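Colleague: Pasting in a structure now, in structure tokens, and then I'll have a few things to ask.
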Amino acid sequence: MGLGARLPDFPWDTLSAAKALASAHPDGLVDLSVGTPVDPTPDLAREALAAASDAHGYPTVWGAPATRRAVLDYLARRWSALPLPDEGVLPVIGTKELVAWLPTLLDLRADDAVVFPECAYPTYEVGALTAGARPVPLDDPARIPEDARLIWINSPANPTGRILGLDEMRAFVAAARDRGAVLASDECYGEFAWEAEPFSVLDPRVNDGDVTGLLAVGSLSKRSNAAGYRAGFVAGDPDVVQRLVAARKHLGMIVPAPIQAAMVAMLGDQRHVEEQRERYLARRALLAPALRAAGFRIEHSEGSLYLWVTRDEDCRASVEWLAERGILAAPGDFYGAAAARHVRVALTATDERIAAAAARLTA
């Protein structure tokens with residue numbers, strides 16, 4: 001049996017009918033179904049990319065020293081991360097590939113469990129299935145099975161926007177250590193917190209000054225409107241990170257040198273991130289009351305680039321209702337059985353399209 005036979009259908013393929021319906025709206029489609037940034041990549045990233053374009057030599061899997069230093073400086077400055085050696089950081093080709101391949105790179109097998117949130121980004125499950133491990137959607141750290149070898153947390157979360165509190169983060173760290181599991185914290189939405197402050201798993205308030213078994217996963221896709229660059233990183237326990245480096249050397253998983261140069265520039269600048277935060281806040285302020293006026297209840301959504309909403313009906317009925325108004329949203333069943341009565345509405349559309357959606361919702 002090939003790998004493809006073990007994996008679920010690609011969820012967005014099931015949205016074709018709703019997209020066709022929404023696209024028929026006389027004022028055009030408002031696509032709020034995906035988290036793809038629409039605003040410009042910062043000039044400083046584009047300039048750094050161009051300046052490094054004479055990339056005649058092979059980059060290393062571990063990344064250039066300047067790239068590693070930029071990641072570590074950013075984590076310390078922005079996320080109060082413990083000081084890490086160079087061996088504790090690795091650039092990756094966008095974080096989706098790291099999420100998908102981490103169980104395989106850690107050599108998980110059929111008798112190993114991979115735990116992830118009950119409402120979750122589908123790639124956590126895909127990664128477990130790819131490795132032949134057992135996927136376990138679970139939100140309660142006290143119920144994590146003894147055979148767990150990898151535990152994913154995600155805060156601010158996709159799709160719900162939920163932000164884990166300090167005590168919750170600490171409980172997951174304790175559960176992972178009790179079971180000898182790696183705890184991987186997906187923090188790619190960390191810069192976009194609206195109603196609570198997120199913590200990094202590398203913060204000593206979370207880990208008591210010990211990063212053993214802990215990984216933080218970060219991305220520049222959302223933070224810097226650089227999804228097309230496929231630029232991310234993983235940092236934490238040096239022993240675990242170097243296991244990943246060793247495996248990835250054989251597999252050719254290498255971030256291109258010009259992309260690494262752009263990463264250095266983007267991670268060293270916070271101003272463009274704050275400007276983007278203001279854009280999303282303005283879109284959120286327009287879209288949230290319009291959804292409420294249309295009968296939706298917003299749940300969680302303390303952070304991330306989405307509004308997690310429900311009308312207490314099957315998610316596909318809500319998707320169709322929105323599509324009739326030219327708005328495409330992501331059905332909750334993309335993210336697990338626990339999400340079947342919700343839809344995810346993204347803030348990643350232009351100001352004009354967000355305004356159009358709000359007007360249609362309140363018409």
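Identifiers in the structure tokens: chain A, B, ... in order shown; residue index from 1 per chain; ligand index from 1 in order shown.
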Give me the residues within 9 Å of stretch 218-230 of chain A as a PyMOL selection string, counting only C-alpha atoms and dropping any in the same chain fewer than 3 places off.

Modeller: chain A and resi 35-42+45+92-96+185-192+233-235+255+259+262-263+266-267+272-273+276-277+305

Colleague: Find the residues near stretch 17-28 of chain A: any atom within 6 Å, counting only C-alpha atoms, skip ones fewer than 4 places away on the same chain, and give them as a ChimeraX atom specification.

Modeller: /A:323-324,326-327

Colleague: Write the selection just made, keeping N, CA, C and O atoms, as a short mmCIF file (atom, residue, chain, number, x, y, z; two decimals), in the first residue's frame?

Modeller:
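The result, stored in part.cif:
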```
data_model
loop_
_atom_site.label_atom_id
_atom_site.label_comp_id
_atom_site.auth_asym_id
_atom_site.auth_seq_id
_atom_site.Cartn_x
_atom_site.Cartn_y
_atom_site.Cartn_z
N ALA A 323 -21.58 30.89 1.39
CA ALA A 323 -21.29 30.85 -0.05
C ALA A 323 -22.41 31.51 -0.85
O ALA A 323 -22.15 32.13 -1.89
N GLU A 324 -23.64 31.39 -0.38
CA GLU A 324 -24.75 32.06 -1.07
C GLU A 324 -24.57 33.57 -1.06
O GLU A 324 -25.16 34.27 -1.90
N GLY A 326 -21.53 34.87 -1.35
CA GLY A 326 -20.26 35.10 -2.02
C GLY A 326 -19.05 35.01 -1.12
O GLY A 326 -17.96 35.47 -1.50
N ILE A 327 -19.20 34.39 0.06
CA ILE A 327 -18.11 34.30 1.04
C ILE A 327 -17.74 32.83 1.21
O ILE A 327 -18.61 31.99 1.49
#
```

Colleague: For A:Pro159, work out the shell of residues within 8 Å, counting only C-alpha atoms and skipping chain neighbours fewer than 3 positions away, then give it as a VMD selection string.

Modeller: chain A and resid 119 to 121 306 308 335 344

Colleague: Could the residues in this selection be saved with N, CA, C and O atoms as a short mmCIF file (atom, residue, chain, number, x, y, z; two decimals), in the first residue's frame?

Modeller:
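What landed in selection.cif:
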```
data_model
loop_
_atom_site.label_atom_id
_atom_site.label_comp_id
_atom_site.auth_asym_id
_atom_site.auth_seq_id
_atom_site.Cartn_x
_atom_site.Cartn_y
_atom_site.Cartn_z
N CYS A 119 -9.15 19.89 17.93
CA CYS A 119 -9.43 20.74 16.76
C CYS A 119 -8.08 21.24 16.28
O CYS A 119 -7.46 22.08 16.94
N ALA A 120 -7.61 20.74 15.14
CA ALA A 120 -6.21 20.97 14.82
C ALA A 120 -5.97 21.06 13.33
O ALA A 120 -6.72 20.52 12.51
N TYR A 121 -4.91 21.74 12.99
CA TYR A 121 -4.31 21.76 11.67
C TYR A 121 -4.15 20.31 11.19
O TYR A 121 -3.55 19.48 11.89
N TYR A 306 -7.72 34.12 12.38
CA TYR A 306 -9.03 33.57 12.05
C TYR A 306 -10.05 33.95 13.12
O TYR A 306 -9.69 34.26 14.26
N TRP A 308 -13.27 31.96 14.79
CA TRP A 308 -13.81 30.60 14.93
C TRP A 308 -15.28 30.76 15.33
O TRP A 308 -15.57 31.20 16.44
N TYR A 335 -10.84 20.08 10.52
CA TYR A 335 -9.93 20.15 11.66
C TYR A 335 -10.26 19.11 12.74
O TYR A 335 -9.75 19.20 13.85
N ARG A 344 -14.23 28.25 10.10
CA ARG A 344 -13.08 29.14 10.30
C ARG A 344 -13.12 30.23 9.24
O ARG A 344 -13.14 29.95 8.05
#
```

Colleague: From the list A:Val173, A:Val182, A:Val201, A:Ile354, which residue is nearest A:Tyr280 when using only C-alpha atoms?

Modeller: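 Smallest distance to A:Tyr280 is found for A:Ile354.
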
Colleague: DSSP on the backbone: what in stretch 66-271 of chain A comes out strand (DSSP E), as a PyMOL selection string?

Modeller: chain A and resi 89-92+113-116+134-137+148-154+182-186+214-219+232-236

Colleague: Could you check which of A:Ala175, A:Ala231, A:Met169, A:Leu202 is closest to A:Gly63, using only C-alpha atoms?

Modeller: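 Of all the options, A:Ala231 lies closest to A:Gly63.
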
Colleague: Counting only C-alpha atoms, which of A:Asn158, A:Ser33, A:Ser200, A:Asn207 gets nearest to A:Ala171?

Modeller: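 Closest to A:Ala171, using only C-alpha atoms: A:Asn207.
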
Colleague: Using only C-alpha atoms, which protein or nucleic acid residues come within 12 Å of A:Gln242? Drop anything in the same chain fewer than 3 positions from it, and give the result as a PyMOL selection string.

Modeller: chain A and resi 61-62+85-91+105-106+215+234-239+245-249

Colleague: What separation in Å, quoted to one decimal, exists between atom CA of A:Ala357 and atom CA of A:Ala193?

Modeller: 22.8 Å

Colleague: Could you check which of A:Pro122, A:Gly165, A:Pro141, A:Pro258 is closest to A:His56, using only C-alpha atoms?

Modeller: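 Checking each of A:Pro122, A:Gly165, A:Pro141, A:Pro258 against A:His56, counting only C-alpha atoms, the winner is A:Pro258.
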
Colleague: What gap, in Å, lies between atom CA of A:Asp13 and atom CA of A:Ala290?

Modeller: 27.8 Å
